[in-house]
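One structure is given here, and the rest of the page talks about it.
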There are 2 protein chains.
Amino acid sequence: MGRKKAVALISGGLDSAKEVRCAHAVGKSLGVKEHVTLALDMARIGGSALTEKGANVPDFEGKKGIPATYVPARNMIFLSIAVSLAEARGADAVFIGATAIDYSGYPDCRKEFLESFEKTAALGTKRGIEGKKIRIIAPLVALSKAQIVRKGLALGVDFSKTWSCYRGGKKACGKCASCQYRLKGFYEAGERDPVPYG
Amino acid sequence: MGRKKAVALISGGLDSAKEVRCAHAVGKSLGVKEHVTLALDMARIGGSALTEKGANVPDFEGKKGIPATYVPARNMIFLSIAVSLAEARGADAVFIGATAIDYSGYPDCRKEFLESFEKTAALGTKRGIEGKKIRIIAPLVALSKAQIVRKGLALGVDFSKTWSCYRGGKKACGKCASCQYRLKGFYEAGERDPVPYG
């Protein structure tokens, strides 16, 4: 029996354990067969404090509805491209680091969405209608940030090479929702976050 | 009551009535508020005779399974980007010219897929979970190519500005599946296709 192939979506966050500038190096260390970077100018779409030119990322304001950092249909776009790549390469699964416990309430990080997406992808792909649907696997979806930190450390993840801050400065801001959830995770896990805050 | 907004996916085919080089002009003539072109290098994904570098588009071989021109998860990618844009612009619907009657058997042109996609998008967007889901509308999905030709002519579509050929030469090849279905449509509608074949 041959080894199974999968496509993994990689971002800069705690949950993906990679950022653009080290993704190739980390991928190589894991024996990744191919690293595909596809450019899509999401600023042309806009509609989010993360993608609109000139928009300000708010400080963390607690859990009250979906925040301004929500990017319309972001995971649907990422997953669609990943499923396309998976089918083109003959991969059986797509992995995504979505999590719906300590999170900003983004609808496309929830299990309901991910399960529905898998069904839709089965109906819209050749593999799917041939009975070999591509699985969408979100191993972290039901874990807290503290559990993710612990699991990452147990697996030998070098968290100094991850980046969660929405603001993209030289140091993490520590105040945006993404920093706040990350810090909460390390705090509750009783671990030190190796990323510099300033 | 204000006028409703919608996002329409535009390609070069008979069903979309536009091609890249006239899309802006046609859009303008229809009073389109904004024309967004987003580049995505599908050749990096590959897996199709339409996107692989150096791959040959086959002549029409009749209806026997999904042909080599199938592009993995193509409409899922296009629809995801369109839904993102619709949400960012406050649009209520996304229109797509998919058709599942005289077609190449692409799974992502079928009503089942489009309906499932709409449900998934409702689960994965802010609008959706707020009860204002974005509708996916495929007005041509159940029409034959002949019916599409007749409807287009009745609506004043200038079919000389449409392009269906997969091969992208100066003249349409007349032999690929896309040309064959188009010619069938004009033939069965008793109309002349104004596009040059050579």
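Each chain of the structure tokens is named A, B, ... in the order shown, its residues numbered from 1; ligands are numbered from 1 in display order.
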
Checklist entry - Could you write out as number ranges by chain the residues of chain B within 7 Å of chain A, counting only C-alpha atoms? => result B: 38-41, 45-47, 72-73, 76-77, 80-81, 83-85, 87-88, 107-108, 113, 116-117, 120, 123-126

Okay, now the selection with N, CA, C and O atoms, as an mmCIF file, in the first residue's frame?
data_model
loop_
_atom_site.group_PDB
_atom_site.id
_atom_site.type_symbol
_atom_site.label_atom_id
_atom_site.label_comp_id
_atom_site.auth_asym_id
_atom_site.auth_seq_id
_atom_site.Cartn_x
_atom_site.Cartn_y
_atom_site.Cartn_z
ATOM 1 N N LEU B 38 -9.577 39.283 -10.991
ATOM 2 C CA LEU B 38 -8.621 38.759 -10.005
ATOM 3 C C LEU B 38 -7.793 37.663 -10.651
ATOM 4 O O LEU B 38 -8.344 36.704 -11.199
ATOM 5 N N ALA B 39 -6.488 37.798 -10.593
ATOM 6 C CA ALA B 39 -5.610 36.792 -11.196
ATOM 7 C C ALA B 39 -5.370 35.637 -10.234
ATOM 8 O O ALA B 39 -5.141 35.854 -9.050
ATOM 9 N N LEU B 40 -5.448 34.416 -10.741
ATOM 10 C CA LEU B 40 -5.080 33.226 -9.963
ATOM 11 C C LEU B 40 -4.408 32.269 -10.945
ATOM 12 O O LEU B 40 -5.003 31.889 -11.956
ATOM 13 N N ASP B 41 -3.184 31.903 -10.654
ATOM 14 C CA ASP B 41 -2.413 31.107 -11.602
ATOM 15 C C ASP B 41 -2.793 29.634 -11.503
ATOM 16 O O ASP B 41 -2.160 28.854 -10.805
ATOM 17 N N ILE B 45 -1.699 24.866 -10.255
ATOM 18 C CA ILE B 45 -2.489 23.748 -9.740
ATOM 19 C C ILE B 45 -2.494 22.617 -10.766
ATOM 20 O O ILE B 45 -2.172 21.492 -10.457
ATOM 21 N N GLY B 46 -2.833 22.937 -12.000
ATOM 22 C CA GLY B 46 -2.818 21.944 -13.082
ATOM 23 C C GLY B 46 -3.918 20.906 -12.953
ATOM 24 O O GLY B 46 -4.990 21.187 -12.417
ATOM 25 N N GLY B 47 -3.646 19.698 -13.457
ATOM 26 C CA GLY B 47 -4.625 18.625 -13.359
ATOM 27 C C GLY B 47 -5.712 18.678 -14.413
ATOM 28 O O GLY B 47 -6.740 18.021 -14.273
ATOM 29 N N PRO B 72 -10.047 20.780 -11.885
ATOM 30 C CA PRO B 72 -10.422 20.412 -10.512
ATOM 31 C C PRO B 72 -11.009 21.578 -9.704
ATOM 32 O O PRO B 72 -10.361 22.610 -9.546
ATOM 33 N N ALA B 73 -12.218 21.367 -9.227
ATOM 34 C CA ALA B 73 -12.876 22.304 -8.295
ATOM 35 C C ALA B 73 -12.972 23.736 -8.823
ATOM 36 O O ALA B 73 -13.083 24.679 -8.044
ATOM 37 N N MET B 76 -15.981 25.838 -7.720
ATOM 38 C CA MET B 76 -15.941 26.072 -6.279
ATOM 39 C C MET B 76 -15.001 27.239 -5.973
ATOM 40 O O MET B 76 -15.303 28.087 -5.132
ATOM 41 N N ILE B 77 -13.866 27.281 -6.653
ATOM 42 C CA ILE B 77 -12.939 28.406 -6.482
ATOM 43 C C ILE B 77 -13.612 29.697 -6.946
ATOM 44 O O ILE B 77 -13.631 30.701 -6.222
ATOM 45 N N SER B 80 -16.438 30.749 -4.602
ATOM 46 C CA SER B 80 -15.955 31.202 -3.292
ATOM 47 C C SER B 80 -15.471 32.642 -3.371
ATOM 48 O O SER B 80 -15.769 33.461 -2.497
ATOM 49 N N ILE B 81 -14.718 32.940 -4.421
ATOM 50 C CA ILE B 81 -14.219 34.302 -4.592
ATOM 51 C C ILE B 81 -15.399 35.249 -4.822
ATOM 52 O O ILE B 81 -15.447 36.357 -4.270
ATOM 53 N N VAL B 83 -18.506 34.873 -3.781
ATOM 54 C CA VAL B 83 -19.248 35.037 -2.528
ATOM 55 C C VAL B 83 -18.506 36.008 -1.604
ATOM 56 O O VAL B 83 -19.119 36.861 -0.941
ATOM 57 N N SER B 84 -17.198 35.892 -1.579
ATOM 58 C CA SER B 84 -16.401 36.823 -0.780
ATOM 59 C C SER B 84 -16.635 38.255 -1.253
ATOM 60 O O SER B 84 -16.888 39.160 -0.449
ATOM 61 N N LEU B 85 -16.589 38.445 -2.556
ATOM 62 C CA LEU B 85 -16.810 39.771 -3.125
ATOM 63 C C LEU B 85 -18.241 40.249 -2.839
ATOM 64 O O LEU B 85 -18.462 41.416 -2.492
ATOM 65 N N GLU B 87 -20.147 39.433 -0.339
ATOM 66 C CA GLU B 87 -20.273 39.840 1.057
ATOM 67 C C GLU B 87 -19.576 41.177 1.310
ATOM 68 O O GLU B 87 -20.113 42.043 2.008
ATOM 69 N N ALA B 88 -18.404 41.360 0.713
ATOM 70 C CA ALA B 88 -17.665 42.614 0.908
ATOM 71 C C ALA B 88 -18.428 43.811 0.341
ATOM 72 O O ALA B 88 -18.334 44.922 0.860
ATOM 73 N N PRO B 107 -18.831 17.943 -12.869
ATOM 74 C CA PRO B 107 -19.687 17.827 -11.679
ATOM 75 C C PRO B 107 -20.064 19.176 -11.067
ATOM 76 O O PRO B 107 -21.141 19.315 -10.485
ATOM 77 N N ASP B 108 -19.190 20.175 -11.237
ATOM 78 C CA ASP B 108 -19.448 21.474 -10.605
ATOM 79 C C ASP B 108 -20.324 22.400 -11.453
ATOM 80 O O ASP B 108 -20.417 23.588 -11.183
ATOM 81 N N PHE B 113 -24.644 20.377 -6.931
ATOM 82 C CA PHE B 113 -23.442 21.043 -6.411
ATOM 83 C C PHE B 113 -23.750 22.494 -6.050
ATOM 84 O O PHE B 113 -23.377 22.965 -4.967
ATOM 85 N N SER B 116 -25.723 22.811 -2.870
ATOM 86 C CA SER B 116 -24.905 22.473 -1.709
ATOM 87 C C SER B 116 -23.919 23.605 -1.407
ATOM 88 O O SER B 116 -23.676 23.942 -0.240
ATOM 89 N N PHE B 117 -23.383 24.197 -2.470
ATOM 90 C CA PHE B 117 -22.452 25.314 -2.279
ATOM 91 C C PHE B 117 -23.148 26.472 -1.563
ATOM 92 O O PHE B 117 -22.581 27.084 -0.652
ATOM 93 N N THR B 120 -23.345 25.703 2.084
ATOM 94 C CA THR B 120 -22.024 25.818 2.712
ATOM 95 C C THR B 120 -21.652 27.282 2.905
ATOM 96 O O THR B 120 -21.137 27.676 3.963
ATOM 97 N N LEU B 123 -23.250 28.800 5.833
ATOM 98 C CA LEU B 123 -22.627 28.406 7.104
ATOM 99 C C LEU B 123 -21.271 29.075 7.327
ATOM 100 O O LEU B 123 -20.819 29.205 8.459
ATOM 101 N N GLY B 124 -20.639 29.494 6.233
ATOM 102 C CA GLY B 124 -19.261 29.988 6.342
ATOM 103 C C GLY B 124 -19.110 31.494 6.201
ATOM 104 O O GLY B 124 -17.996 31.991 6.152
ATOM 105 N N THR B 125 -20.222 32.215 6.144
ATOM 106 C CA THR B 125 -20.131 33.678 6.008
ATOM 107 C C THR B 125 -20.883 34.370 7.140
ATOM 108 O O THR B 125 -21.807 33.812 7.731
ATOM 109 N N LYS B 126 -20.474 35.604 7.401
ATOM 110 C CA LYS B 126 -21.141 36.422 8.410
ATOM 111 C C LYS B 126 -22.607 36.640 8.023
ATOM 112 O O LYS B 126 -23.506 36.467 8.836
#

Next on the checklist: Can you tell me which residues surround Arg182 in chain A at a distance of at most 10 Å, considering only C-alpha atoms, apart from same-chain residues fewer than 3 positions away, and format the answer as a PyMOL selection string?
Outcome noted: chain A and resi 13-15+102-103+145-146+148-149+163-165+174+176-179+185-188+193

Checklist entry - Just how far from CA of Arg192 in chain B is CA of Leu30 in chain B, in Å to one decimal? => result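 Distance between the two atoms: 24.1 Å.
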
Item to check | alpha helix (DSSP H) positions in range 17-164 of chain A, given as a PyMOL selection string | outcome: chain A and resi 20-29+74-89+111-124+126-129+145-154

Item to check | Length of the CA of Glu61 in chain A to CA of Asp92 in chain B vector [Å] | outcome: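 If I compute the distance from CA of Glu61 in chain A to CA of Asp92 in chain B, I get 29.0 Å.
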
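Minimum distance to Lys18 in chain A across A:Pro58, A:Pro139, A:Pro194, A:Gly97 (counting only C-alpha atoms) occurs at A:Gly97.
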
Next on the checklist: If I take CA of Gly168 in chain B and CA of Gly198 in chain B, how far is one from the other in Å, to one decimal?
Outcome noted: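 Atom-to-atom, CA of Gly168 in chain B and CA of Gly198 in chain B are spaced 12.0 Å apart.
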
Next on the checklist: Under the rule that only C-alpha atoms are counted, which of B:Arg3, B:Pro196, B:Ile137, B:Ala100 is the nearest residue to Thr162 in chain B?
Outcome noted: B:Pro196
